[in-house]
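First up is the structure itself, then whatever we jot down about it.
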Amino acid sequence: MYSGSSGINAEYGEKNRDSQELWNYLGENYNFQREQLEDVFHYGKFMYDVGNYAIASSHLDIYRNIAPADSKFYSSAQWGKLASEILQQNWDQAMDELERLKDNIMAAVHLTQSEVLIQRAWLVHWGLFVYFNHPQGRDKLIDDFLHQKTYLNAIQTMCPHILRYITTAVVISKRRRDGVKELIKVLQQESYKDPITEFVESLYVNFDFDEAQSKLKECTTVIENDFFIVGCLDDFTENARLIISEIFCRIHQRIEIDMLADKLNMAPAEAEKWVVNMIRLAHLDAKIDSKNGYVVMGGTSTPIYQKLIDKTKDLHLKANSCCQKVDKKLALGI
Amino acid sequence: MSSRFFAQAGDSSDESSSSESEAEMPVARAPVRQYASILEESDDEKRVVRSSKDKRFSEINEAIKAIRNAKKIKDISKVFEGFNSLCSTYTKSQNVIAKNGTPKAFIRCVADLETFVLAVWEDKEQRSKLNKINSKALGALKQNVRKFNKAFETDIEEYRKNPDNYEEVIEEDESDNDDDLETAKDSAKQAKKSRTSSSRAFDEDDDEAGGDGMSDDDSDDMWNESDDSSSSDDEMPAIGYTAAYFLKKKDDDKKERPERKKKAPKQQQPRTSTSKEDEGWTTVSGVEKVAKEKPLFEEGTEITVDVVNQKIAELSSIRGRRGANRKKNIETFELLTETCYKENLGIPVVAKCLYYTCLAIFDYNPSMSACMVVDIWVQLLVTLDKLLTLLEGHREVHFVEGLPDEEENLENPEKPLTVAGSILVIMERADDEFTKLLRNLDPHGTEYVQRLSDEAKLCVVILRIKAELATRKASNNEMCRIYLREIEHLYYKVDYSAEKGGTGNSKAKMDELCKFIYRIESSDHSGDLDRIRTRAMLCHIYHHALHNRWSEARDLMLMSHLQHGISHADIPTKILHNRTMVQLGLCAFRNGYIQHAHTTLNEIQSSQKSKELLAQGLSTQRMSERNLEQEKIEKQRQIPFHMHINLELLEYSYLTCAMLLEVPHMAAHQFEQRRKLSRTFHQQLRNAEKNPLIGPPDSMREHLVASAKAMMKADWKTCADTLLAHKIWNLMPNAEDVKAMLKQKIKEESLRTYMFTYSACYDSISPMVLSRMFDLSNKQIHALISKMILNDELKASWDKPTDLLILHRAESSKLQSLAKQTADKLTHVMDNTEKMLGQGTTFTSRGNAAASLTWPNNIFGAGNGSLQMGFPIGMSGDSSRGGHRNYQDRSRNYQDRSRNYQDRSNAGNAGYNGRSRGGYNNAGGYNNNSGGYNNNNTQYTSRVY
C-alpha cells in the first residue's frame, strides 16, 4: 500500500505539504488518513533497523515530504534518510540530504543554541562518510567546514579532531592556496594535534623540512588506519610532496637533486624525473644543471621601478574617469 | 564554632576581654530599660508598629503633603521633586497597591497636580516670571505628569466627576496617625489571637507594673552613676559577644538567673570600680546613656510570640532614625533573642530575632560608604553563624524573601514555618562589608593579614549557607548567587599544588562551580542571572589564566562573546573584565604568545590609566580631573590589596612584548614611519633620549630602554642580560621558564632585526656565522630565515650546495621607498575620490571641493595625518574620559586589531551570529558558552553516534 503512494511525490511537491488538498487526495485515492502518517515513519525506522535500507529510505522520504516541518519525527526522518542513503552508498543523494539537513538546521528556530551546536556536530561527523566518498566531496568539505564559520566553530568547540580531515582535504585539494592560510590559523588556535596537522604546521609555520618529512612518514600509517581517508593515501603523498617541493624551491636558489630526493622520500633518479615533469607542466620555474646535479631556480623578484610603474599606471585612467564624472555632475546639477 | 570565633576575636580585641564574661550579665538587663524608655517616649512620638501597607501608604501621604506644600508657595522645582518621590514610592509599593487598590489621596493629588501644572503653564505672564530652575522644572513636570497620569485616567476622570467622594477619604487618611496605628494593630490582633492589649495599653501596663520589678528610681540612680564612672568606655565593643555567650551556655544561664536577681539590690548601692563584679557592670553600662530605663518586658507579662513580634516591629521601626542608639539596638535584639530562647517561644521566633540582630548590626554604620568596625563585623559573623546553626538544626523553618510581615508564620506548626527575610542577603552584605573592611585597612600592616585570616571563616559560612540552600531547594537565582560568592572568593587565589604538577583542586572546584551557574538557563534572561553568569565566566577565565592554562582561558573568552556585552555591564563587572583581560594577557606572555599578550595588554597600558581600570588605587597625576564626589565613588570600587595584580610587572611585561615586536618592525620599515605598534613603547624611547646623561639602568623602564637599544643593534646578549636582570621577573610564577622563553625570543627577534638592518650590506652570508652570532642552532636559523623569505620580508634565497644565504639586492633606497609610499597614497586618494563620486548626488559641489582640498594637504603636508588614518580609533582616542568605559570601547578594538583574535571572534560574531538566522543569532552570548560546556560531554556521544 505504501509503496504505491510514492507517486504522490511528483504530483504534490513541497509546496503542497500538509495542505488540505493533499490530504483529500490521499484519502480518496489511497484511503490514507492523517493518523497513519506516524506509522509510515515507524515502518521506515523498522525497515532501517532490519537493514532494508532502500525501503527505509523511500518511506522516510514519504514521511518527510508529507509531514509538517514541526512534527515530532521530522528531523529524525531526515537523519534516518541520510543514514539509509549512506548505508546504500548513494553518495549523490546522500550529499543532497546533507544539504537539506544543513538548511534545516539553519532554519530551525525552536532549537536552543546548544542543540543546534550538537546537530551541527552530528552533521559534521556523518558528513565525513559522504565527503570522502563523493567525487567532489573533498572540495565540498573545505567549502562547508573551513570556509563556513558556523561549522568551523562547531568543530572548534566540540570536535577538534575533525581538523584532521579538513587538513587532509586541504592538502589533497587542487585549490589549496586559499585553504592553507585559513587552516593554519585554525590549527594554531587549537590544541588538537596529530601527524597530519603537524605535517602542515611544520611546513607552513616552522619551515622545518626534516620534521615535515618525518611527519609525512607518520602520516602514512595514520592514513592507512583511518577509515575515512584510507582511500586518499596516494593523493595525499603525492600532494604532500608537491607542497614540500614548492616551498623548498621558493626559498632556495640552488638545490642538489639528491637532497631534494631525500626530502621527498624518493630515489634521486625518480626525483629528477619528477622535477622535469614539474618544469614541463609549468609548476616550477627552474632548470636542471645536470653536470653538478643541481636544480637552479629561475626568476627573482620584479625590480622596484617596475613595481612603481605598475602601481601608478592606472591612476591616470582613474583620474580621467573621475574628471568626466565631475564634469557630468556639474553639467547636470548646479 | 562560635566559641572559636569568640576566643579569637577576643584575643585580637582590646585588653578588656578578660572581664567580658562578667560584663555580659548586666547587659542582659541594661537594654531592658532601654526598651521601656522607647515605649514611654512613644506615647507622644507615635512610635508605630505598621504593616508594610501602612508604611507604604504613609510614605505616599508624606509625598503628597510635600507636593501640596510646595504648590502653595509655587515652588515648581520642589513640586517636581515631590512628584518624583511620589512616583518612586508608588512604584515601590506596587504590590501593596495591587492588593488594596490605589489610595484615593494619591489619585486626588495626581489629578490636582495636573490641573495645577496646566494652570501655571497657561498663565504665560506668571510663567515668564519664573526663574530658570523653576521654569525648567515646570517643563519636565508637565511632561512627566502627563505621562504618569495616563495610567490612572479612569480614576482621575472619576475624581473629577465627584471630588467630594475623595475629599472625605483624604481627610480620614490624613487624620491622626494613631488611628492608623490602632487599625494596624487591630488587624494584627485579629490575625494572631493571643495578645489582648493594644500597644498603648501595653505601655500603660508598663507604668503600672513598675513596682513589680525594680523601681524606676533605683535604676535611674544606678545608670546615672555608671555613666559617670565609665563613659570613657563608650567605644569599647566588648559587648559584642553577649549573644554568643548566652546561646552557648544556656544552661549556665538558667542557673545564674536567680543569682542575678540577688545581685539586683546590690546595684542600688553606690559603687566603686574596685570590685570585680562592678568592673563588669561598669564596662557595659557606659554604653547605656539613656537614664530612664525599664525592663524589656514587664515582669509578669506573658511573653508570647506576638509580644516578641510586636517588639521587633517596634524596634525596627526606629531603624535609621537620628538619635537612635544603634549600638544599643544591637544589644536589645540580642537580649530579645535570649529571652525568646528562655521562654521557649520556638525556633522561628529565635531565628527572626537573630535575623534582626544582623540587620541591627548593619545599621550600626550610619552610612553605606563607611566601613564597619572590625569587632562589629566579627559579631555579625558570629550572629550569622548562630542563625545558620539554628537553621541547620531546624529544616522546617524557612526564610522567605519579600514576604509581608503579616504573612509570617512563626508558631503554627501545621503550616510551613516561615520568617520574612533572607539569610543570603545577610551573607552577601557581610561579605561586602568584609571587602570594605579590607579596603580601609593599611595593606602593609599586620592588621590586614589578621583580617585576611577571617576570610577562611567567611568562606566556611558561605559553604554552609550553600549546603543549606541546596537542601532547602532554593531557587536557581539564589543558588547562583551563593555559588558566585564562593567563586569570587576562589578565583584570584593561586593553587600552588597545581603548579607543582599535582592535580589542581581549585581547577576542578572552579569548573564545578562555574558549570553549575552556566547550566542554569535563565528563562527570561533576567539581568541578574546574566550578570551572575558573566561574572562567573570572567572569574573562570581569570582562574584559568592565573594558572597558565592559556588555551582554555582564551577559548572561554572567545566562546562566551563576553566582549560584546561587557560595555553594558555594571562597573564592578567591567573592572572584573579588565582584570581578567590583564590576567589573560599575562598568561599569554608567560606562554610565549607575544603577539596576543601585546594586543591584550595594549588596551590597558596605552590608556595610562591602568590603576583606575583595574581599581587598584587612584593615580595621583590625574587628581585634577575628578572632583571629590567621583573620587569617593572610585574609592568605593577599589579592589582589596590581596587581590591586586602587580602593576609594575604588568607594565614591564607589556613593554617587553612591545619591544620584541616593535624593534624588528622598526628595522624592517626604517624609512616609513608607518605603523607604530605601541605608542607607549615609543614614548619610553623618546623620554629616554631626552636624558642628557645615560647611566647604568636602574628603574624598570630604564632597563627596558637599555635593552631595546641593545636589540636595535642586534646585540642580543646585552639585551637579554639587561632585560632579565631586573628582579621583578621573580614575581612571575615559574620565573625561570619565563626567562628562558624571553631569552629565546630575544635571540630570534635580534636575528630578525639584524637581517632587516644589515642584509643590504651582504651579498651572501653563511648560516653558520649567524648561528654563532645569535647562539641559535643551524636549524632554527634556517627556519627563521625561511619564514622571512616566504613572507616576503627578506629578498634572499638559500644556495644549498654552498650552504649560503644569497641576498638579492632588493633593498630600496630612501627615495625609492618614499616614491612607493607616495604611489600608495595616491591610489588611496584615488579610491576615496571614486567612492565619493560613486555615492552620487548627496555631495554638493562645494562639499566635493572642500574634500579634495583637504586631502592633498594631508598627503603632502603633514604626512602624519593620513598615516594615522590606518589606526583603529581606540589607539588615538586617548582623550576620552570615563576610564572604564573607555577601556571597554577599546576592548572591542581588541578584536579588530589583533589579527589572530579577529578570526576567532569573528568566528564568534559571524559564525555563531552572522549567518544562521535562527540558531545562534539571538544568542547574545552566554548560552553559546553553556552550549560549549555541555558539549564537552556531547562530543563523545556524537562521536559514538
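If you're wondering about the labels, chains in the C-alpha cells are A, B, ... by order shown, residues count from 1 in each chain, ligands from 1 in order shown.
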Report task. Would you kindly return, as a ChimeraX atom specification, each protein, DNA or RNA residue with an atom no farther than 7 Å from any atom of region 216-223 of chain A, considering only C-alpha atoms and excluding same-chain residues fewer than 2 positions away? Result -> /A:195-196,199,212-214,225-226,229-230,233
Could you list, as an mmCIF file with N, CA and C atoms, in the first residue's frame, the residues of chain A having an atom within 7 Å of chain B when counting only C-alpha atoms?
```cif
data_model
loop_
_atom_site.group_PDB
_atom_site.id
_atom_site.type_symbol
_atom_site.label_atom_id
_atom_site.label_comp_id
_atom_site.auth_asym_id
_atom_site.auth_seq_id
_atom_site.Cartn_x
_atom_site.Cartn_y
_atom_site.Cartn_z
ATOM 1 N N MET A 106 19.789 25.291 9.903
ATOM 2 C CA MET A 106 19.863 26.745 9.885
ATOM 3 C C MET A 106 18.499 27.375 10.128
ATOM 4 N N ALA A 107 17.475 26.687 9.628
ATOM 5 C CA ALA A 107 16.147 27.269 9.739
ATOM 6 C C ALA A 107 15.454 26.902 11.048
ATOM 7 N N ALA A 108 16.072 26.011 11.781
ATOM 8 C CA ALA A 108 15.390 25.531 12.988
ATOM 9 C C ALA A 108 15.341 26.633 14.036
ATOM 10 N N VAL A 109 14.163 27.113 14.280
ATOM 11 C CA VAL A 109 14.021 28.219 15.219
ATOM 12 C C VAL A 109 13.823 27.690 16.627
ATOM 13 N N LEU A 111 15.107 25.261 18.170
ATOM 14 C CA LEU A 111 16.215 24.632 18.881
ATOM 15 C C LEU A 111 16.981 25.670 19.689
ATOM 16 N N THR A 112 17.515 25.227 20.815
ATOM 17 C CA THR A 112 18.381 26.137 21.561
ATOM 18 C C THR A 112 19.768 26.103 20.924
ATOM 19 N N GLN A 113 20.589 27.038 21.358
ATOM 20 C CA GLN A 113 21.906 27.137 20.742
ATOM 21 C C GLN A 113 22.685 25.843 20.883
ATOM 22 N N SER A 114 22.598 25.283 22.066
ATOM 23 C CA SER A 114 23.421 24.094 22.261
ATOM 24 C C SER A 114 22.887 22.938 21.427
ATOM 25 N N VAL A 116 21.466 23.241 18.529
ATOM 26 C CA VAL A 116 21.928 23.490 17.169
ATOM 27 C C VAL A 116 23.370 23.049 17.019
ATOM 28 N N ALA A 121 27.372 19.291 14.979
ATOM 29 C CA ALA A 121 28.460 18.352 15.210
ATOM 30 C C ALA A 121 28.110 16.985 14.618
ATOM 31 N N TRP A 122 26.877 16.604 14.764
ATOM 32 C CA TRP A 122 26.430 15.343 14.155
ATOM 33 C C TRP A 122 26.640 15.388 12.655
ATOM 34 N N LYS A 149 31.808 29.694 8.752
ATOM 35 C CA LYS A 149 32.191 29.918 10.134
ATOM 36 C C LYS A 149 31.362 29.106 11.111
ATOM 37 N N THR A 150 30.098 28.924 10.789
ATOM 38 C CA THR A 150 29.257 28.201 11.740
ATOM 39 C C THR A 150 29.804 26.805 11.992
ATOM 40 N N ASN A 153 33.250 26.722 13.659
ATOM 41 C CA ASN A 153 33.164 26.948 15.101
ATOM 42 C C ASN A 153 32.619 25.752 15.832
ATOM 43 N N THR A 157 34.646 24.052 18.702
ATOM 44 C CA THR A 157 34.089 23.943 20.039
ATOM 45 C C THR A 157 33.945 22.493 20.475
ATOM 46 N N MET A 158 33.447 21.689 19.580
ATOM 47 C CA MET A 158 33.039 20.364 20.022
ATOM 48 C C MET A 158 33.923 19.229 19.534
ATOM 49 N N CYS A 159 34.465 19.339 18.373
ATOM 50 C CA CYS A 159 35.156 18.164 17.852
ATOM 51 C C CYS A 159 36.383 18.568 17.054
ATOM 52 N N ASN A 206 56.763 26.298 10.874
ATOM 53 C CA ASN A 206 58.140 26.185 11.349
ATOM 54 C C ASN A 206 59.163 26.088 10.222
ATOM 55 N N PHE A 207 58.722 25.812 9.015
ATOM 56 C CA PHE A 207 59.623 25.644 7.875
ATOM 57 C C PHE A 207 60.729 24.657 8.188
ATOM 58 N N ASP A 208 60.340 23.619 8.850
ATOM 59 C CA ASP A 208 61.309 22.609 9.225
ATOM 60 C C ASP A 208 61.066 21.391 8.326
ATOM 61 N N ILE A 251 62.318 29.048 -1.473
ATOM 62 C CA ILE A 251 63.312 29.684 -0.606
ATOM 63 C C ILE A 251 64.736 29.331 -1.016
ATOM 64 N N HIS A 252 64.894 28.525 -2.060
ATOM 65 C CA HIS A 252 66.256 28.157 -2.445
ATOM 66 C C HIS A 252 66.597 28.682 -3.831
ATOM 67 N N GLN A 253 67.897 28.853 -3.986
ATOM 68 C CA GLN A 253 68.363 29.268 -5.297
ATOM 69 C C GLN A 253 68.895 28.058 -6.054
ATOM 70 N N ARG A 254 69.652 27.263 -5.335
ATOM 71 C CA ARG A 254 70.185 26.049 -5.935
ATOM 72 C C ARG A 254 69.993 24.891 -4.960
ATOM 73 N N ILE A 255 69.540 23.784 -5.481
ATOM 74 C CA ILE A 255 69.379 22.617 -4.621
ATOM 75 C C ILE A 255 70.025 21.417 -5.311
ATOM 76 N N GLU A 256 70.674 20.574 -4.525
ATOM 77 C CA GLU A 256 71.138 19.310 -5.101
ATOM 78 C C GLU A 256 69.938 18.407 -5.307
ATOM 79 N N LEU A 308 56.710 50.227 -9.166
ATOM 80 C CA LEU A 308 56.196 51.583 -9.055
ATOM 81 C C LEU A 308 55.336 51.922 -10.271
ATOM 82 N N LYS A 311 52.061 50.268 -10.154
ATOM 83 C CA LYS A 311 51.150 50.859 -9.192
ATOM 84 C C LYS A 311 50.482 52.124 -9.713
ATOM 85 N N THR A 312 51.287 52.930 -10.377
ATOM 86 C CA THR A 312 50.767 54.237 -10.766
ATOM 87 C C THR A 312 50.130 54.241 -12.151
ATOM 88 N N LEU A 315 46.438 55.040 -12.399
ATOM 89 C CA LEU A 315 45.996 56.279 -11.747
ATOM 90 C C LEU A 315 45.491 57.284 -12.777
ATOM 91 N N CYS A 322 37.299 60.096 -13.281
ATOM 92 C CA CYS A 322 36.761 60.948 -12.219
ATOM 93 C C CYS A 322 36.413 62.326 -12.770
#
```
Query raised in the report: Hey, which of A:Ile86, A:Ile304, A:Leu187, A:Ile172 ends up closest to Leu242 (chain A)? Count only C-alpha atoms.
Result: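 Ranked by minimum distance to Leu242 (chain A), first place goes to A:Ile172.
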Query raised in the report: Could you pull the residues within 10 Å of region 275-285 of chain A, counting only C-alpha atoms, minus those fewer than 5 positions along the same chain, as a ChimeraX atom specification?
Result: /A:242,245-246,249-250,257,260-261,269-270,295-299
Report task. Determine which residues of region 149-264 of chain A DSSP labels as helix (DSSP H, G or I) from the backbone of this structure, then write them out as a PyMOL selection string. Result -> chain A and resi 149-158+160-172+176-189+195-206+209-224+230-251+257-264
Can you pull out the residues contacting Ile184 (chain A)? Cut-off 9 Å, using only C-alpha atoms, and skip same-chain residues under 2 positions away; I want them as a PDB file with N, CA, C and O atoms, in the first residue's frame.
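The resulting file, selection.pdb, is shown below:
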```
ATOM      1  N   GLY A 179      42.888  27.705   0.963  1.00  0.00           N
ATOM      2  CA  GLY A 179      42.566  26.996   2.200  1.00  0.00           C
ATOM      3  C   GLY A 179      43.679  27.037   3.233  1.00  0.00           C
ATOM      4  O   GLY A 179      43.418  27.152   4.427  1.00  0.00           O
ATOM      5  N   VAL A 180      44.914  26.980   2.738  1.00  0.00           N
ATOM      6  CA  VAL A 180      46.012  26.777   3.681  1.00  0.00           C
ATOM      7  C   VAL A 180      46.095  27.858   4.734  1.00  0.00           C
ATOM      8  O   VAL A 180      46.212  27.575   5.928  1.00  0.00           O
ATOM      9  N   LYS A 181      45.977  29.085   4.294  1.00  0.00           N
ATOM     10  CA  LYS A 181      46.141  30.179   5.262  1.00  0.00           C
ATOM     11  C   LYS A 181      45.104  30.082   6.367  1.00  0.00           C
ATOM     12  O   LYS A 181      45.414  30.208   7.553  1.00  0.00           O
ATOM     13  N   GLU A 182      43.892  29.873   5.916  1.00  0.00           N
ATOM     14  CA  GLU A 182      42.793  29.732   6.878  1.00  0.00           C
ATOM     15  C   GLU A 182      43.066  28.592   7.841  1.00  0.00           C
ATOM     16  O   GLU A 182      42.943  28.715   9.057  1.00  0.00           O
ATOM     17  N   VAL A 186      43.556  28.298  12.047  1.00  0.00           N
ATOM     18  CA  VAL A 186      42.737  27.449  12.909  1.00  0.00           C
ATOM     19  C   VAL A 186      43.616  26.478  13.678  1.00  0.00           C
ATOM     20  O   VAL A 186      43.457  26.291  14.880  1.00  0.00           O
ATOM     21  N   LEU A 187      44.556  25.890  12.966  1.00  0.00           N
ATOM     22  CA  LEU A 187      45.398  24.894  13.624  1.00  0.00           C
ATOM     23  C   LEU A 187      46.184  25.517  14.760  1.00  0.00           C
ATOM     24  O   LEU A 187      46.387  24.900  15.807  1.00  0.00           O
ATOM     25  N   GLN A 188      46.615  26.745  14.563  1.00  0.00           N
ATOM     26  CA  GLN A 188      47.405  27.363  15.617  1.00  0.00           C
ATOM     27  C   GLN A 188      46.564  27.717  16.825  1.00  0.00           C
ATOM     28  O   GLN A 188      47.064  27.820  17.929  1.00  0.00           O
ATOM     29  N   GLN A 189      45.297  27.902  16.586  1.00  0.00           N
ATOM     30  CA  GLN A 189      44.431  28.214  17.723  1.00  0.00           C
ATOM     31  C   GLN A 189      44.096  26.989  18.540  1.00  0.00           C
ATOM     32  O   GLN A 189      43.901  27.062  19.734  1.00  0.00           O
ATOM     33  N   VAL A 200      51.482  19.738   8.269  1.00  0.00           N
ATOM     34  CA  VAL A 200      51.178  21.040   7.678  1.00  0.00           C
ATOM     35  C   VAL A 200      51.811  22.157   8.497  1.00  0.00           C
ATOM     36  O   VAL A 200      52.375  23.106   7.951  1.00  0.00           O
ATOM     37  N   GLU A 201      51.722  22.015   9.796  1.00  0.00           N
ATOM     38  CA  GLU A 201      52.294  23.063  10.641  1.00  0.00           C
ATOM     39  C   GLU A 201      53.804  23.153  10.475  1.00  0.00           C
ATOM     40  O   GLU A 201      54.360  24.248  10.393  1.00  0.00           O
ATOM     41  N   TYR A 204      54.370  24.992   7.141  1.00  0.00           N
ATOM     42  CA  TYR A 204      53.939  26.374   6.942  1.00  0.00           C
ATOM     43  C   TYR A 204      54.230  27.280   8.127  1.00  0.00           C
ATOM     44  O   TYR A 204      54.144  28.488   8.010  1.00  0.00           O
ATOM     45  N   VAL A 205      54.484  26.703   9.265  1.00  0.00           N
ATOM     46  CA  VAL A 205      54.758  27.540  10.424  1.00  0.00           C
ATOM     47  C   VAL A 205      56.226  27.489  10.793  1.00  0.00           C
ATOM     48  O   VAL A 205      56.872  28.516  10.985  1.00  0.00           O
TER      49      VAL A 205
END
```
Query raised in the report: region 369-375 of chain B: which residues within 6 Å, counting only C-alpha atoms, same-chain residues fewer than 2 positions away excluded, as a PyMOL selection string?
Result: chain B and resi 367+377-378+436-437
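With CA of Ala714 (chain B) on one side and CA of Ile781 (chain B) on the other, the separation reads 14.6 Å.
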Report task. Return as a ChimeraX atom specification the full set of residues in region 168-322 of chain A whose backbone-based DSSP assignment is strand (DSSP E). Result -> /A:252-256,286-289,294-297
Requested in this report: Can you pull out every residue within 10 Å of Lys745 (chain B), counting only C-alpha atoms, but drop anything in the same chain fewer than 6 positions away, and send it as a ChimeraX atom specification?
Outcome: /B:592,594,657,660,716,720,739,751
All residues 12 Å or closer to Thr154 (chain B), only C-alpha atoms, same chain fewer than 5 positions away omitted, as a CSV table (one decimal) with N, CA and C atoms, in the first residue's frame:
```csv
chain,number,residue,atom,x,y,z
B,102,THR,N,-5.6,51.6,44.6
B,102,THR,CA,-4.9,52.8,44.6
B,102,THR,C,-5.5,53.7,45.7
B,107,ILE,N,-4.7,59.5,44.0
B,107,ILE,CA,-5.4,59.9,42.8
B,107,ILE,C,-5.7,61.4,42.8
B,111,ALA,N,-4.3,64.2,40.2
B,111,ALA,CA,-5.2,64.9,39.4
B,111,ALA,C,-5.0,66.4,39.6
B,149,ASN,N,0.2,60.2,34.4
B,149,ASN,CA,-1.3,60.1,34.7
B,149,ASN,C,-2.1,59.3,33.7
B,159,TYR,N,-12.6,61.0,39.7
B,159,TYR,CA,-12.4,62.0,40.8
B,159,TYR,C,-12.9,63.4,40.3
B,160,ARG,N,-12.7,63.7,39.1
B,160,ARG,CA,-13.1,65.0,38.6
B,160,ARG,C,-14.6,65.1,38.6
B,161,LYS,N,-15.3,64.0,38.4
B,161,LYS,CA,-16.7,64.0,38.4
B,161,LYS,C,-17.2,64.3,39.8
```
